[in-house]
Amino acid sequence: MSNPKVWDLYAAYYIDWFTRNPEYDYVSISAEDGMVQDSRGASRAISSMEYDLMQGAFSATDRLWFFHNRVIEKVIKVFPDKKFGVLVYANNTLAPRFEKVHPNMALVYAPLSVCPLHDVRNEKCKTNRIYHKSLEAWAQQARAVGAESYYYDYLPLGFQWNVAMICPQWAIIGRNYPYFHHLGLNGHTTQGFDDWGASHFNNWMAIRLYWNAEQDYKEVLADYCRIRYGKAAAAVMEYCGILEKRMDEIPDLCSNEIWGNHLVLTTEVRKACRGALQKALTMVEGEREKAHLETLIDMQTSTDAWCNGIEIAREEGDFARAMQVMEKSFQIQHKLNKYYSHFVNPYTVNKTNQSRFMAGGWFNKYRAFQEKINSSSAHIMLPRYMKVALDTDNTARARGWHRPGAQVDSLEEWDVTMVPDIKYQTQREVAAFFYRCEVDVPAGFNCGNTSIYFPSIIARTLQIWINGEPVRFLHDDYEDTIFRGPPAFWYDYNHELQFDISHMLHPGETNTIAFRIFKSTDHAGTYDHIFLLAK
């Protein structure tokens, strides 16, 4: 980026492209998807060397804008009116510290790091408190030079991994869009899938506010309910109010990618939702309105099935039964897609899909978990609630908490099916978590050929102790007591890990199992039951 010859190469490319495509007014000059990493001295010299908390990496904004500005200046000498789209994303979310926004830029703010459960300015979310200040700085710099700016939503936020569920985002849209309008943004775009059932309230809200961002979003929602549900509108508004209230009260969970919509739409919340829909059934009139209400009830049934399946996995560790319950969501998809091919998105809610961050992939990973467990000659499920401590300073081992007989009564208990960031509010922070439990191992358990199986664990590094002794991990060229994982959970959404602990367990006794997870950013920890497997 600091080499003038590279500026010339890029400028020549864009000049040639505009020459061959005169009908285009815009071109992208964005960095490739992902974080910019360049440790050369020349690159450090054009960098602010500021740590971007949102991404757990040094900010790349100034080095990118140094490069962008020089390329753009060369191109506009030939094409003065052309615009350059730049994605404000990953580790260039911080506004420039000494570089500037170019007038010919079209900035696209992609809120990769925000809490998707609340509007951008919500003060209860650490990430949002940081992000909206950066967004305001970008907007002010853009306005000062007349650059265009747009907002890019990840829709449906927080529920994007499973569009077999109602996505209660309309209030977030209703609060965000007037704010974006006030900042002077020129427009808005989304990553939304074609999934009417999950997002019809949100789609209506977004479309209406595109045309007039100053409307009262509650009245926009009420207008939609009157049009769609007729005399049942009040009851459907009650339904929406239940979901909106829950979104307002839920704390920050896991930043941009939510691992557990069941934590938002709890059993109690969903019971209240069903009650409001039953009330609506007694009020609705007209065949068209009844049909619309029935589809909403179907989506709530799908939501219940999905959340209930995850709760069964959390409570019982029975992934096969969880799949049986979740099957209802796929049945509803087939039913609703007879009305419209994408009422429920057929790509994401598809049992052949293996992407573990989508509904089909989630379903199939439960299948893989159960097959792994069933293939063992015997298995033991570790306790759901373990002793846990925030151990960022790496003192748990020094205190001997990993050893049998250690006094750990002062440690709190935590649910291994939820990442501890939720407990400690360590989202987007360097942190480490220590877990410990005792488990009775039967005398007949095959301890000569056993493993510890984590179906779902996110860890930058992992240490495990069995009865006080460290598990050793084989790396490419060496052996170590530290397992080293990827730098961020989204490098690979398959979070299964299994390690050999043969001869470390004591059959017929109570065994102590402890482990420590370190993370550099995002979130980390276990989010499903843990098992001991005997071959």
# chains A, B, ... in the order shown; residues from 1 in each chain; ligands from 1
$ residues_around --residues "segment 443-455 of chain A" --least-positions-apart "4" --cutoff "8 Å" --atoms "only C-alpha atoms" --output "list in words"
Phe369, Ala378, His495, Glu496, Leu497, Gln498, Phe499, Asp500, Ile501, Ser502, His503, Met504, Leu505, His506, Pro507, Gly508, Glu509, Thr526, Asp528, His529, Ile530, Phe531, Leu532, Leu533, Ala534 and Lys535 of chain A
$ write_last_selection --atoms "N, CA and C atoms" --output "compact mmCIF listing (two decimals), in the first residue's frame"
# COMPACT_ATOMS: atom_id res chain seq x y z
N PHE A 369 -23.27 -35.21 16.08
CA PHE A 369 -22.97 -35.38 17.50
C PHE A 369 -23.50 -36.72 18.00
N ALA A 378 -19.31 -46.90 25.32
CA ALA A 378 -19.93 -46.34 26.52
C ALA A 378 -19.63 -44.85 26.55
N HIS A 495 -17.15 -26.61 15.42
CA HIS A 495 -16.49 -26.41 16.70
C HIS A 495 -16.38 -27.69 17.52
N GLU A 496 -16.37 -28.82 16.85
CA GLU A 496 -16.17 -30.10 17.53
C GLU A 496 -14.69 -30.31 17.82
N LEU A 497 -14.37 -30.75 19.03
CA LEU A 497 -13.01 -31.14 19.38
C LEU A 497 -13.07 -32.41 20.21
N GLN A 498 -12.12 -33.30 19.99
CA GLN A 498 -12.07 -34.56 20.72
C GLN A 498 -10.60 -34.88 21.00
N PHE A 499 -10.29 -35.24 22.25
CA PHE A 499 -8.90 -35.47 22.64
C PHE A 499 -8.77 -36.78 23.40
N ASP A 500 -7.68 -37.45 23.14
CA ASP A 500 -7.39 -38.73 23.78
C ASP A 500 -6.99 -38.50 25.24
N ILE A 501 -7.65 -39.19 26.16
CA ILE A 501 -7.29 -39.12 27.58
C ILE A 501 -7.13 -40.54 28.13
N SER A 502 -6.73 -41.48 27.26
CA SER A 502 -6.57 -42.87 27.67
C SER A 502 -5.64 -42.98 28.88
N HIS A 503 -6.02 -43.83 29.84
CA HIS A 503 -5.25 -44.13 31.06
C HIS A 503 -5.20 -42.95 32.04
N MET A 504 -5.92 -41.85 31.77
CA MET A 504 -5.88 -40.72 32.70
C MET A 504 -7.03 -40.77 33.69
N LEU A 505 -8.12 -41.45 33.34
CA LEU A 505 -9.26 -41.57 34.25
C LEU A 505 -9.03 -42.70 35.25
N HIS A 506 -9.66 -42.58 36.41
CA HIS A 506 -9.58 -43.61 37.45
C HIS A 506 -10.94 -44.29 37.55
N PRO A 507 -11.07 -45.52 37.00
CA PRO A 507 -12.37 -46.20 37.03
C PRO A 507 -12.77 -46.55 38.47
N GLY A 508 -14.09 -46.49 38.71
CA GLY A 508 -14.62 -46.80 40.03
C GLY A 508 -14.41 -45.69 41.03
N GLU A 509 -14.00 -44.50 40.60
CA GLU A 509 -13.74 -43.38 41.51
C GLU A 509 -14.38 -42.10 40.97
N THR A 526 -17.81 -23.27 25.90
CA THR A 526 -18.61 -24.39 25.42
C THR A 526 -20.06 -23.93 25.27
N ASP A 528 -22.54 -26.64 24.33
CA ASP A 528 -23.30 -27.88 24.38
C ASP A 528 -22.68 -28.75 25.47
N HIS A 529 -23.36 -29.83 25.81
CA HIS A 529 -22.84 -30.76 26.80
C HIS A 529 -21.49 -31.32 26.37
N ILE A 530 -20.73 -31.81 27.34
CA ILE A 530 -19.42 -32.40 27.11
C ILE A 530 -19.50 -33.88 27.52
N PHE A 531 -18.78 -34.74 26.80
CA PHE A 531 -18.90 -36.18 27.02
C PHE A 531 -17.53 -36.83 27.18
N LEU A 532 -17.50 -37.92 27.94
CA LEU A 532 -16.39 -38.86 27.93
C LEU A 532 -16.83 -40.06 27.11
N LEU A 533 -16.01 -40.46 26.14
CA LEU A 533 -16.35 -41.56 25.26
C LEU A 533 -15.33 -42.69 25.41
N ALA A 534 -15.83 -43.90 25.49
CA ALA A 534 -14.97 -45.08 25.50
C ALA A 534 -15.13 -45.81 24.18
N LYS A 535 -14.02 -46.24 23.59
CA LYS A 535 -14.11 -46.96 22.31
C LYS A 535 -14.48 -48.42 22.56
$ select_by_dssp --residues "segment 18-211 of chain A" --states "alpha helix (DSSP H)" --output "VMD selection string"
chain A and resid 18 to 20 41 to 45 61 to 76 126 to 145 170 to 183 196 to 211
$ residues_around --residues "segment 92-99 of chain A" --least-positions-apart "4" --cutoff "6 Å" --atoms "only C-alpha atoms" --output "list in words"
Ser59, Ala60, Thr61, Asp62, Val88, Ser134 and Trp138 of chain A
$ select_by_dssp --residues "segment 385-486 of chain A" --states "strand (DSSP E)" --output "ChimeraX atom specification"
/A:385-390,412-415,431-441,450-454,457-458,461-466,469-470,473-474,479-480,483-484
$ closest_atom_pairs --of "segment 356-399 of chain A" --to "segment 462-474 of chain A" --cutoff "12 Å" --atoms "only C-alpha atoms" --output "CSV"
residue,atom,partner,partner_atom,distance
A:Asn394,CA,A:Gln463,CA,11.2
A:Ala396,CA,A:Gln463,CA,11.6
A:Arg397,CA,A:Gly468,CA,9.7
$ write_last_selection --atoms "N, CA and C atoms" --output "CSV table (one decimal), in the first residue's frame"
chain,number,residue,atom,x,y,z
A,394,ASN,N,-4.7,-15.9,34.3
A,394,ASN,CA,-4.1,-17.2,34.3
A,394,ASN,C,-3.6,-17.6,35.7
A,396,ALA,N,-5.8,-19.5,37.8
A,396,ALA,CA,-6.5,-20.7,38.3
A,396,ALA,C,-5.5,-21.8,38.6
A,397,ARG,N,-4.6,-22.1,37.6
A,397,ARG,CA,-3.7,-23.1,37.7
A,397,ARG,C,-2.7,-22.9,38.9
$ atom_distance --atom1 "atom CA of Glu285 of chain A" --atom2 "atom CA of Cys225 of chain A"
13.4 Å
